[in-house]
$ cat coords-v3.cif   # mmCIF, C-alpha atoms and all ligand atoms
data_my_file
loop_
_atom_site.label_atom_id
_atom_site.label_comp_id
_atom_site.auth_asym_id
_atom_site.auth_seq_id
_atom_site.Cartn_x
_atom_site.Cartn_y
_atom_site.Cartn_z
CA MET Q 9 90.26 59.59 93.58
CA GLY Q 10 89.50 63.30 93.33
CA MET Q 11 90.33 66.33 95.48
CA ARG Q 12 87.09 66.07 97.44
CA GLU Q 13 87.78 62.48 98.51
CA VAL Q 14 91.34 63.34 99.51
CA PHE Q 15 89.99 65.90 101.97
CA GLU Q 16 87.12 63.72 103.12
CA LYS Q 17 89.31 60.70 103.74
CA ASN Q 18 92.04 62.63 105.58
CA PRO Q 19 90.29 65.06 107.95
CA GLY Q 20 93.44 65.26 110.10
CA ARG Q 21 95.42 66.94 107.34
CA ARG Q 22 94.89 70.57 108.28
CA TYR Q 23 98.01 72.11 106.71
CA ILE Q 24 97.55 72.39 102.97
CA MET Q 25 100.11 73.58 100.43
CA PHE Q 26 100.06 74.04 96.68
CA GLY Q 27 103.46 73.98 95.05
CA GLY Q 28 104.68 74.26 91.51
CA LYS Q 29 106.59 76.36 89.05
CA GLY Q 30 105.85 80.06 88.65
CA GLY Q 31 102.46 81.09 87.32
CA LEU Q 32 100.86 77.64 87.03
CA GLY Q 33 97.99 78.33 89.42
CA LYS Q 34 99.16 77.88 93.04
CA THR Q 35 97.38 81.00 94.30
CA THR Q 36 94.30 80.18 92.24
CA PHE Q 37 94.05 76.65 93.68
CA SER Q 38 94.82 77.85 97.21
CA ALA Q 39 91.97 80.35 97.00
CA ALA Q 40 89.58 77.81 95.43
CA THR Q 41 90.40 75.21 98.09
CA ALA Q 42 89.99 77.76 100.87
CA TYR Q 43 86.64 78.79 99.38
CA TRP Q 44 85.41 75.21 99.11
CA LEU Q 45 86.45 74.29 102.65
CA ALA Q 46 84.85 77.45 104.04
CA LYS Q 47 81.62 76.54 102.24
CA GLN Q 48 81.84 73.12 103.92
CA GLY Q 49 81.67 74.94 107.24
CA LYS Q 50 85.38 74.77 108.08
CA LYS Q 51 87.19 77.78 109.48
CA VAL Q 52 89.97 78.50 107.01
CA LEU Q 53 93.00 80.75 106.78
CA VAL Q 54 94.72 81.08 103.43
CA PHE Q 55 98.05 82.90 103.75
CA SER Q 56 101.23 83.75 101.88
CA VAL Q 57 104.56 85.49 102.29
CA ASP Q 58 104.63 86.48 98.65
CA PRO Q 59 105.62 90.16 98.25
CA GLN Q 60 103.64 90.15 94.98
CA ALA Q 61 100.45 90.28 97.08
CA SER Q 62 98.61 87.81 94.86
CA LEU Q 63 95.93 87.10 97.48
CA THR Q 64 95.09 90.79 97.38
CA ASP Q 65 94.68 90.41 93.60
CA ILE Q 66 92.62 87.25 93.62
CA PHE Q 67 90.25 88.29 96.42
CA GLN Q 68 90.17 91.88 95.13
CA LYS Q 69 90.64 93.13 98.65
CA ASP Q 70 93.58 94.94 100.27
CA ILE Q 71 95.14 92.29 102.49
CA PHE Q 72 98.90 92.88 102.38
CA GLY Q 73 100.49 93.30 105.81
CA LYS Q 74 97.10 93.68 107.52
CA GLY Q 75 96.92 90.43 109.50
CA PRO Q 76 94.04 88.00 108.89
CA VAL Q 77 91.35 89.75 106.80
CA LYS Q 78 87.87 88.25 106.66
CA ILE Q 79 86.82 87.44 103.10
CA MET Q 80 83.49 85.74 103.76
CA GLU Q 81 81.85 83.46 106.32
CA ASN Q 82 84.56 81.05 107.64
CA LEU Q 83 87.27 82.39 105.34
CA TRP Q 84 90.21 84.62 106.23
CA ALA Q 85 93.20 85.61 104.13
CA GLN Q 86 96.56 86.94 105.29
CA GLU Q 87 99.59 88.26 103.45
CA ILE Q 88 102.67 88.47 105.61
CA ASP Q 89 104.84 91.48 104.94
CA ALA Q 90 108.21 89.74 105.02
CA ASP Q 91 110.28 92.94 104.88
CA SER Q 92 108.77 94.33 108.05
CA HIS Q 93 109.42 91.00 109.78
CA ILE Q 94 113.07 91.15 108.81
CA LYS Q 95 113.30 94.68 110.19
CA ALA Q 96 111.65 93.53 113.42
CA TYR Q 97 114.23 90.75 113.67
CA GLN Q 98 117.10 93.19 113.31
CA GLY Q 99 115.49 95.38 115.95
CA GLU Q 100 115.26 92.48 118.37
CA ILE Q 101 118.89 91.53 117.92
CA ARG Q 102 119.92 95.14 118.40
CA LYS Q 103 117.90 95.39 121.59
CA LYS Q 104 119.38 92.18 122.98
CA ILE Q 105 122.89 93.46 122.40
CA LEU Q 106 122.06 96.73 124.13
CA ASP Q 107 120.49 94.91 127.07
CA MET Q 108 123.38 92.52 127.38
CA TYR Q 109 126.02 95.18 127.59
CA GLY Q 110 123.93 97.88 129.16
CA LEU Q 111 124.69 100.21 126.27
CA GLU Q 112 122.49 103.02 125.09
CA LYS Q 113 123.37 102.81 121.46
CA VAL Q 114 124.60 99.97 119.27
CA PRO Q 115 128.25 100.75 118.47
CA ASP Q 116 129.02 101.19 114.77
CA GLU Q 117 131.09 98.03 114.58
CA ILE Q 118 128.23 95.93 115.89
CA GLU Q 119 125.67 97.75 113.80
CA ASN Q 120 127.73 96.83 110.75
CA TYR Q 121 127.74 93.20 111.82
CA ILE Q 122 123.98 93.21 112.26
CA GLN Q 123 123.51 94.75 108.84
CA ALA Q 124 125.81 92.20 107.25
CA ALA Q 125 124.17 89.27 109.01
CA SER Q 126 120.67 90.39 108.11
CA ALA Q 127 121.57 90.83 104.45
CA GLU Q 128 122.17 87.08 104.42
CA PRO Q 129 119.49 85.21 102.51
CA ALA Q 130 119.38 82.71 105.36
CA MET Q 131 118.46 85.47 107.79
CA GLU Q 132 115.70 86.62 105.48
CA GLU Q 133 114.30 83.14 105.08
CA SER Q 134 114.52 82.58 108.80
CA ALA Q 135 112.52 85.71 109.53
CA ILE Q 136 109.89 84.67 107.00
CA PHE Q 137 109.68 81.15 108.28
CA ASP Q 138 109.37 82.40 111.82
CA ALA Q 139 106.43 84.55 110.76
CA VAL Q 140 104.83 81.49 109.17
CA VAL Q 141 105.35 79.52 112.37
CA ASP Q 142 103.62 82.30 114.31
CA VAL Q 143 100.63 82.23 111.98
CA VAL Q 144 100.25 78.47 112.28
CA VAL Q 145 100.87 78.33 116.03
CA GLN Q 146 98.67 81.26 117.08
CA GLY Q 147 95.48 80.75 115.09
CA ASP Q 148 92.56 78.47 115.78
CA TYR Q 149 91.55 77.63 112.25
CA ASP Q 150 90.44 74.21 111.05
CA TYR Q 151 92.60 74.58 107.95
CA TYR Q 152 95.75 76.51 107.07
CA ILE Q 153 96.35 76.89 103.38
CA TYR Q 154 99.84 78.08 102.61
CA ASP Q 155 99.98 79.67 99.18
CA LEU Q 156 103.61 79.02 98.29
CA VAL Q 157 106.03 81.00 96.20
CA PRO Q 158 107.44 79.20 93.12
CA LEU Q 159 109.15 75.85 93.59
CA GLY Q 160 112.80 76.64 94.14
CA HIS Q 161 111.91 78.99 96.92
CA ALA Q 162 109.43 76.65 98.52
CA LEU Q 163 112.11 74.02 98.91
CA TYR Q 164 114.06 76.56 100.88
CA TYR Q 165 111.28 77.05 103.39
CA LEU Q 166 110.72 73.37 103.73
CA SER Q 167 114.34 72.74 104.54
CA MET Q 168 114.29 75.58 107.02
CA ALA Q 169 115.84 73.69 109.89
CA LYS Q 170 118.96 73.46 107.74
CA VAL Q 171 118.85 77.13 106.86
CA TYR Q 172 118.55 77.94 110.53
CA ASP Q 173 121.57 75.86 111.28
CA GLU Q 174 123.56 77.86 108.78
CA TRP Q 175 122.38 81.13 110.16
CA ILE Q 176 123.14 80.13 113.73
CA ASN Q 177 126.62 79.13 112.65
CA LYS Q 178 127.10 82.53 111.11
CA VAL Q 179 125.91 84.29 114.21
CA THR Q 180 128.20 82.15 116.32
CA LYS Q 181 131.08 83.27 114.16
CA LEU Q 182 129.90 86.83 114.54
CA ARG Q 183 129.83 86.41 118.30
CA GLU Q 184 133.40 85.23 118.26
CA ASP Q 185 134.42 88.19 116.16
CA MET Q 186 132.71 90.44 118.64
CA ARG Q 187 134.39 88.87 121.65
CA GLU Q 188 137.34 91.16 121.43
CA TYR Q 189 135.12 94.19 121.50
CA GLU Q 190 133.03 92.70 124.26
CA GLU Q 191 136.05 92.18 126.48
CA MET Q 192 137.00 95.77 126.05
CA VAL Q 193 133.52 96.88 127.10
CA SER Q 194 133.69 94.59 130.14
CA ARG Q 195 137.01 96.05 131.17
CA LEU Q 196 135.69 99.56 130.78
CA LYS Q 197 132.63 98.71 132.82
CA ARG Q 198 134.79 96.71 135.28
CA GLU Q 199 132.46 93.74 134.89
CA LYS Q 200 133.23 90.09 134.50
CA GLU Q 201 132.68 88.61 131.13
CA THR Q 202 129.11 87.37 130.73
CA GLU Q 203 129.20 83.68 131.29
CA GLN Q 204 126.11 82.75 129.40
CA ASP Q 205 125.64 83.84 125.88
CA ALA Q 206 122.06 85.08 125.90
CA ILE Q 207 121.83 85.64 122.17
CA LEU Q 208 123.10 82.21 121.37
CA ASN Q 209 120.71 80.65 123.87
CA GLU Q 210 117.87 82.51 122.24
CA LEU Q 211 118.87 81.21 118.81
CA VAL Q 212 119.04 77.66 120.02
CA TYR Q 213 115.55 78.09 121.48
CA ILE Q 214 114.24 79.41 118.18
CA LYS Q 215 115.85 76.54 116.39
CA LYS Q 216 114.06 74.04 118.61
CA ARG Q 217 110.78 75.79 117.84
CA ILE Q 218 111.47 75.58 114.13
CA ASN Q 219 112.35 71.92 114.34
CA ALA Q 220 109.07 71.23 116.12
CA SER Q 221 107.06 73.05 113.48
CA SER Q 222 108.95 71.66 110.53
CA SER Q 223 108.02 68.27 111.92
CA ILE Q 224 104.36 69.32 111.50
CA LEU Q 225 105.06 70.33 107.93
CA THR Q 226 106.55 66.99 107.09
CA ASP Q 227 103.93 64.95 108.95
CA LYS Q 228 101.85 62.96 106.50
CA ALA Q 229 98.99 62.77 108.99
CA LYS Q 230 98.75 66.55 109.36
CA THR Q 231 99.96 67.98 106.09
CA ALA Q 232 99.11 67.64 102.42
CA PHE Q 233 101.26 69.05 99.64
CA PHE Q 234 99.72 69.23 96.16
CA PHE Q 235 101.69 69.83 93.00
CA VAL Q 236 100.22 72.02 90.27
CA VAL Q 237 101.20 70.99 86.73
CA THR Q 238 100.15 71.98 83.24
CA PRO Q 239 100.10 69.76 80.14
CA GLU Q 240 103.47 70.96 78.83
CA ASP Q 241 106.63 68.98 78.26
CA MET Q 242 109.03 71.09 80.31
CA ILE Q 243 106.64 71.54 83.19
CA ILE Q 244 106.13 67.79 83.46
CA THR Q 245 109.88 67.14 83.46
CA ASP Q 246 110.56 69.82 86.08
CA THR Q 247 107.71 68.67 88.29
CA LYS Q 248 109.01 65.10 88.23
CA LYS Q 249 112.45 66.31 89.32
CA ALA Q 250 111.01 68.55 92.03
CA ALA Q 251 108.84 65.73 93.37
CA THR Q 252 111.91 63.54 93.80
CA LEU Q 253 113.69 66.34 95.64
CA PHE Q 254 110.68 67.07 97.84
CA ALA Q 255 110.39 63.43 98.74
CA GLN Q 256 113.97 63.62 100.04
CA PHE Q 257 112.86 66.40 102.39
CA ASP Q 258 109.99 64.16 103.56
CA VAL Q 259 107.39 66.50 102.12
CA PRO Q 260 104.11 64.53 102.16
CA ILE Q 261 103.02 64.74 98.53
CA ALA Q 262 99.25 64.22 98.46
CA GLY Q 263 98.78 64.39 94.71
CA TYR Q 264 98.91 66.33 91.46
CA VAL Q 265 96.39 68.71 89.91
CA VAL Q 266 96.57 69.61 86.23
CA ASN Q 267 95.64 73.17 85.33
CA ARG Q 268 94.79 74.99 82.11
CA VAL Q 269 93.47 72.02 80.17
CA ILE Q 270 91.74 73.23 77.01
CA PRO Q 271 88.42 71.35 76.77
CA GLN Q 272 88.66 68.56 74.18
CA THR Q 273 84.95 68.98 73.40
CA LEU Q 274 85.96 72.08 71.44
CA LEU Q 275 87.29 69.72 68.76
CA LYS Q 276 83.68 68.95 67.83
CA GLN Q 277 83.13 72.58 66.93
CA THR Q 278 84.54 74.54 64.06
CA ILE Q 279 87.71 75.92 65.57
CA PRO Q 280 90.90 77.38 64.12
CA GLU Q 281 93.64 74.85 63.30
CA TYR Q 282 95.86 76.66 65.77
CA LEU Q 283 93.55 75.81 68.66
CA ALA Q 284 92.96 72.25 67.42
CA ASN Q 285 96.74 71.71 67.45
CA ARG Q 286 97.07 73.03 70.97
CA ILE Q 287 94.36 70.64 72.13
CA LYS Q 288 96.04 67.67 70.43
CA MET Q 289 99.41 68.57 71.94
CA GLN Q 290 97.85 68.80 75.37
CA ALA Q 291 96.22 65.41 74.83
CA THR Q 292 99.61 63.71 74.34
CA HIS Q 293 101.02 65.45 77.42
CA LEU Q 294 97.98 64.40 79.44
CA VAL Q 295 98.72 60.80 78.50
CA ASP Q 296 102.27 61.31 79.83
CA ILE Q 297 100.95 62.90 83.00
CA LYS Q 298 98.62 59.94 83.61
CA THR Q 299 101.46 57.49 83.01
CA ILE Q 300 103.90 59.31 85.30
CA PHE Q 301 101.66 60.32 88.19
CA GLY Q 302 99.12 57.50 87.95
CA ASP Q 303 96.53 57.45 90.70
CA GLN Q 304 98.19 60.45 92.35
CA LEU Q 305 96.57 62.54 89.63
CA LEU Q 306 93.57 64.11 91.34
CA ALA Q 307 91.95 66.65 89.03
CA LEU Q 308 92.01 68.23 85.60
CA VAL Q 309 91.08 71.89 85.67
CA PRO Q 310 90.15 73.58 82.39
CA GLU Q 311 91.45 76.84 81.05
CA LEU Q 312 88.64 79.24 81.93
CA GLU Q 313 87.36 82.07 79.76
CA ARG Q 314 89.12 84.71 81.88
CA ASP Q 315 91.57 85.18 84.77
CA VAL Q 316 90.46 83.85 88.11
CA THR Q 317 89.87 86.92 90.26
CA GLY Q 318 86.93 87.70 92.50
CA LEU Q 319 84.71 85.33 94.47
CA GLY Q 320 82.52 84.54 91.46
CA MET Q 321 85.39 83.06 89.44
CA ILE Q 322 86.88 81.41 92.53
CA GLU Q 323 83.52 79.72 93.17
CA LYS Q 324 83.37 78.53 89.58
CA LEU Q 325 86.86 77.05 89.74
CA ALA Q 326 86.21 75.46 93.15
CA GLY Q 327 83.08 73.85 91.72
CA ILE Q 328 85.17 72.19 89.01
CA MET Q 329 88.09 71.24 91.25
CA TYR Q 330 85.94 69.73 93.99
CA GLY Q 331 83.14 68.52 91.76
CA ASP Q 332 83.31 67.43 88.16
CA GLY Q 333 87.05 68.07 87.77
CA THR Q 334 87.82 64.60 89.10
CA ALA Q 335 90.52 62.93 87.06
CA GLY Q 336 88.82 59.54 87.24
N1 LIG U 401 92.32 77.53 84.99
C1 LIG U 401 92.57 78.80 84.75
N2 LIG U 401 91.88 79.49 83.82
C2 LIG U 401 92.12 80.79 83.56
N3 LIG U 401 93.06 81.51 84.16
C3 LIG U 401 93.79 80.89 85.11
C4 LIG U 401 93.60 79.52 85.46
N4 LIG U 401 94.48 79.18 86.42
C5 LIG U 401 95.20 80.28 86.68
N5 LIG U 401 94.79 81.31 85.89
C6 LIG U 401 95.37 82.67 85.85
O1 LIG U 401 96.75 82.54 85.64
C7 LIG U 401 97.49 83.50 86.37
C8 LIG U 401 98.51 82.81 87.27
O2 LIG U 401 97.83 82.04 88.26
P1 LIG U 401 98.32 82.05 89.79
O3 LIG U 401 98.56 83.43 90.23
O4 LIG U 401 97.34 81.23 90.54
O5 LIG U 401 99.69 81.27 89.63
P2 LIG U 401 100.82 81.03 90.75
O6 LIG U 401 101.31 79.66 90.54
O7 LIG U 401 100.28 81.39 92.08
O8 LIG U 401 101.90 82.10 90.29
P3 LIG U 401 103.22 82.55 91.13
O9 LIG U 401 104.22 81.48 90.89
O10 LIG U 401 103.59 83.85 90.50
O11 LIG U 401 102.80 82.67 92.57
C9 LIG U 401 96.46 84.31 87.13
O12 LIG U 401 96.18 85.46 86.41
C10 LIG U 401 95.23 83.40 87.17
O13 LIG U 401 94.02 84.12 87.23
MG MG U 402 101.05 82.75 93.54
#

$ encode --input "coords-v3.cif" --output "structure tokens"
Amino acid sequence: MGMREVFEKNPGRRYIMFGGKGGLGKTTFSAATAYWLAKQGKKVLVFSVDPQASLTDIFQKDIFGKGPVKIMENLWAQEIDADSHIKAYQGEIRKKILDMYGLEKVPDEIENYIQAASAEPAMEESAIFDAVVDVVVQGDYDYYIYDLVPLGHALYYLSMAKVYDEWINKVTKLREDMREYEEMVSRLKREKETEQDAILNELVYIKKRINASSSILTDKAKTAFFFVVTPEDMIITDTKKAATLFAQFDVPIAGYVVNRVIPQTLLKQTIPEYLANRIKMQATHLVDIKTIFGDQLLALVPELERDVTGLGMIEKLAGIMYGDGTAG
């Protein structure tokens, strides 16, 4: 089965992700898939939270932090500016504290707590994940293609419910630490202690939202996760390990796509020994890949003559991936 059939046979899978180690071709394949689907008449959003702004590079259009930007008929691209989302999060927390206590300015002690809490990686990931949830919940696209950051990070997003738990625990602790201060404010303002903890309630609400959306992301009927591999020993080993880990998080692995395969037909030409050796090495690794991933191997994509940037190259790659790139 090839990539085209996977899409044709599973029209309900509207959330598409490409995962893999750094630099293997996740952004390239995300863009090519988005292009192909758009050409099929589907309304597509390809998006990322990558601060490297690689969608801006591949589409040769300034996209970063600008919301959904139209690339061509049916195709939009969006790069979420994670930093500004984190700042917005801090702002919201600050505002809630002010509202709760009727203060005009966040006291230094609390400000310090907010700063400390938001420097937590969990807080950062939460803010990013929340932005992703917004993108997926608000739009009305036929397909959402999430161009992931390299593997280790991606796992983090996918286990976000857990990260949220951690963060909420930290904030709970912070709330307890603040209690002393809070009581003092209440006494000064001659008010009774607030019975309900509004911030905590809010967090629990957010957590429910996240759980609901992470259930979409792990739903085999709605989501497809593709691994990008290259014919190299270490990459194959690491991908195998990652796939096992992903399976534990119930990530619905839809298949594997091999990138940067040097065409074997070159062997028929007069080529330098160096290149002939590379091709032979790749051939042995391709045998391994076929043995390990079996019928989950969906396409072999050749090393092209230049970097994949601009719609022309994206079209070329999409043609291979969704046409004659079928792995058999
Ligand atoms: N088949 C190919 N032929 C030629 N160049 C390619 C091919 N696939 C990817 N590239 C180039 O390799 C580089 C890395 O690809 P890409 O940005 O898609 O990787 P990535 O997995 O998204 O990287 P990161 O982990 O940094 O997000 C890019 O310059 C891209 O144009
Ligand atoms: Mg990328």

$ residues_near_ligand --input "coords-v3.cif" --ligand "ligand MG 402 (chain U)" --cutoff "9 Å" --atoms "all atoms listed in the file" --output "PyMOL selection string"
chain Q and resi 30-36+38+56+58+60-63+155-158

$ residues_around --input "coords-v3.cif" --residues "Ala39 in chain Q" --least-positions-apart "5" --cutoff "12 Å" --atoms "only C-alpha atoms" --output "PDB file with C-alpha atoms, in the coordinates of the input"
ATOM      1  CA  ILE Q  24      97.550  72.390 102.970  1.00  0.00           C
ATOM      2  CA  MET Q  25     100.110  73.580 100.430  1.00  0.00           C
ATOM      3  CA  PHE Q  26     100.060  74.040  96.680  1.00  0.00           C
ATOM      4  CA  GLY Q  33      97.990  78.330  89.420  1.00  0.00           C
ATOM      5  CA  LYS Q  34      99.160  77.880  93.040  1.00  0.00           C
ATOM      6  CA  TRP Q  44      85.410  75.210  99.110  1.00  0.00           C
ATOM      7  CA  LEU Q  45      86.450  74.290 102.650  1.00  0.00           C
ATOM      8  CA  ALA Q  46      84.850  77.450 104.040  1.00  0.00           C
ATOM      9  CA  VAL Q  52      89.970  78.500 107.010  1.00  0.00           C
ATOM     10  CA  LEU Q  53      93.000  80.750 106.780  1.00  0.00           C
ATOM     11  CA  VAL Q  54      94.720  81.080 103.430  1.00  0.00           C
ATOM     12  CA  PHE Q  55      98.050  82.900 103.750  1.00  0.00           C
ATOM     13  CA  SER Q  56     101.230  83.750 101.880  1.00  0.00           C
ATOM     14  CA  SER Q  62      98.610  87.810  94.860  1.00  0.00           C
ATOM     15  CA  LEU Q  63      95.930  87.100  97.480  1.00  0.00           C
ATOM     16  CA  THR Q  64      95.090  90.790  97.380  1.00  0.00           C
ATOM     17  CA  ASP Q  65      94.680  90.410  93.600  1.00  0.00           C
ATOM     18  CA  ILE Q  66      92.620  87.250  93.620  1.00  0.00           C
ATOM     19  CA  PHE Q  67      90.250  88.290  96.420  1.00  0.00           C
ATOM     20  CA  GLN Q  68      90.170  91.880  95.130  1.00  0.00           C
ATOM     21  CA  ILE Q  79      86.820  87.440 103.100  1.00  0.00           C
ATOM     22  CA  LEU Q  83      87.270  82.390 105.340  1.00  0.00           C
ATOM     23  CA  TRP Q  84      90.210  84.620 106.230  1.00  0.00           C
ATOM     24  CA  ALA Q  85      93.200  85.610 104.130  1.00  0.00           C
ATOM     25  CA  GLN Q  86      96.560  86.940 105.290  1.00  0.00           C
ATOM     26  CA  TYR Q 152      95.750  76.510 107.070  1.00  0.00           C
ATOM     27  CA  ILE Q 153      96.350  76.890 103.380  1.00  0.00           C
ATOM     28  CA  TYR Q 154      99.840  78.080 102.610  1.00  0.00           C
ATOM     29  CA  ASP Q 155      99.980  79.670  99.180  1.00  0.00           C
ATOM     30  CA  LEU Q 156     103.610  79.020  98.290  1.00  0.00           C
ATOM     31  CA  VAL Q 316      90.460  83.850  88.110  1.00  0.00           C
ATOM     32  CA  THR Q 317      89.870  86.920  90.260  1.00  0.00           C
ATOM     33  CA  GLY Q 318      86.930  87.700  92.500  1.00  0.00           C
ATOM     34  CA  LEU Q 319      84.710  85.330  94.470  1.00  0.00           C
ATOM     35  CA  GLY Q 320      82.520  84.540  91.460  1.00  0.00           C
ATOM     36  CA  MET Q 321      85.390  83.060  89.440  1.00  0.00           C
ATOM     37  CA  ILE Q 322      86.880  81.410  92.530  1.00  0.00           C
ATOM     38  CA  GLU Q 323      83.520  79.720  93.170  1.00  0.00           C
ATOM     39  CA  LYS Q 324      83.370  78.530  89.580  1.00  0.00           C
ATOM     40  CA  LEU Q 325      86.860  77.050  89.740  1.00  0.00           C
ATOM     41  CA  ALA Q 326      86.210  75.460  93.150  1.00  0.00           C
ATOM     42  CA  MET Q 329      88.090  71.240  91.250  1.00  0.00           C
TER      43      MET Q 329
END

$ residues_around --input "coords-v3.cif" --residues "Tyr264 in chain Q" --least-positions-apart "5" --cutoff "10 Å" --atoms "all atoms listed in the file" --output "PyMOL selection string"
chain Q and resi 11+26-28+233-237+247+297+301-308

$ atom_distance --input "coords-v3.cif" --atom1 "CA of Tyr23 in chain Q" --atom2 "CA of Lys230 in chain Q"
6.2 Å

$ closest_residue --input "coords-v3.cif" --among "Q:Val140, Q:Ala40, Q:Ile261, Q:Val14" --to "ligand LIG 401 (chain U)" --atoms "only C-alpha atoms and all ligand atoms"
Q:Ala40

$ axis_aligned_box --input "coords-v3.cif" --around "range 150-160 of chain Q" --padding-each-side "4 Å" --output "AutoDock Vina command-line options"
--center_x 101.6 --center_y 77.6 --center_z 102.1 --size_x 30.4 --size_y 14.8 --size_z 25.9

$ atom_distance --input "coords-v3.cif" --atom1 "CA of Arg12 in chain Q" --atom2 "CA of Gln48 in chain Q"
10.9 Å

$ atom_distance --input "coords-v3.cif" --atom1 "CA of Tyr97 in chain Q" --atom2 "CA of Asn120 in chain Q"
15.1 Å

$ closest_residue --input "coords-v3.cif" --among "Q:Lys288, Q:Glu117, Q:Ile270, Q:Pro19" --to "Tyr189 in chain Q" --atoms "only C-alpha atoms"
Q:Glu117

$ closest_residue --input "coords-v3.cif" --among "Q:Ala291, Q:Met186, Q:Leu274, Q:Val269" --to "ligand LIG 401 (chain U)" --atoms "all atoms listed in the file"
Q:Val269

$ closest_residue --input "coords-v3.cif" --among "Q:Phe137, Q:Glu112, Q:Lys17, Q:Lys74" --to "Ile94 in chain Q" --atoms "all atoms listed in the file"
Q:Phe137

$ closest_residue --input "coords-v3.cif" --among "Q:Ala42, Q:Ile105, Q:Leu225, Q:Ile244" --to "Val259 in chain Q" --atoms "only C-alpha atoms"
Q:Leu225

$ decode --input "coords-v3.cif" --residues "range 30-44 of chain Q" --atoms "N, CA and C atoms" --output "compact mmCIF listing (two decimals), in the first residue's frame"
# COMPACT_ATOMS: atom_id res chain seq x y z
N GLY Q 30 15.54 14.76 13.95
CA GLY Q 30 15.79 16.08 13.36
C GLY Q 30 16.30 16.01 11.93
N GLY Q 31 15.76 16.85 11.08
CA GLY Q 31 16.29 17.04 9.73
C GLY Q 31 16.04 15.94 8.72
N LEU Q 32 15.15 14.98 9.03
CA LEU Q 32 14.94 13.87 8.09
C LEU Q 32 13.95 14.20 6.98
N GLY Q 33 13.10 15.21 7.22
CA GLY Q 33 12.15 15.57 6.16
C GLY Q 33 10.70 15.73 6.61
N LYS Q 34 10.49 15.97 7.91
CA LYS Q 34 9.12 16.12 8.43
C LYS Q 34 8.40 17.30 7.78
N THR Q 35 9.08 18.45 7.76
CA THR Q 35 8.46 19.65 7.19
C THR Q 35 8.23 19.46 5.69
N THR Q 36 9.21 18.86 5.03
CA THR Q 36 9.10 18.60 3.60
C THR Q 36 7.88 17.73 3.29
N PHE Q 37 7.72 16.64 4.04
CA PHE Q 37 6.60 15.73 3.79
C PHE Q 37 5.26 16.35 4.21
N SER Q 38 5.29 17.17 5.26
CA SER Q 38 4.05 17.85 5.67
C SER Q 38 3.59 18.77 4.56
N ALA Q 39 4.54 19.53 4.00
CA ALA Q 39 4.19 20.47 2.93
C ALA Q 39 3.72 19.72 1.68
N ALA Q 40 4.41 18.64 1.34
CA ALA Q 40 4.05 17.87 0.14
C ALA Q 40 2.67 17.25 0.30
N THR Q 41 2.38 16.75 1.49
CA THR Q 41 1.07 16.13 1.75
C THR Q 41 -0.02 17.19 1.69
N ALA Q 42 0.25 18.34 2.30
CA ALA Q 42 -0.71 19.44 2.29
C ALA Q 42 -0.99 19.86 0.85
N TYR Q 43 0.06 19.95 0.06
CA TYR Q 43 -0.06 20.33 -1.35
C TYR Q 43 -0.92 19.33 -2.11
N TRP Q 44 -0.62 18.06 -1.92
CA TRP Q 44 -1.35 17.01 -2.64
C TRP Q 44 -2.84 17.00 -2.27
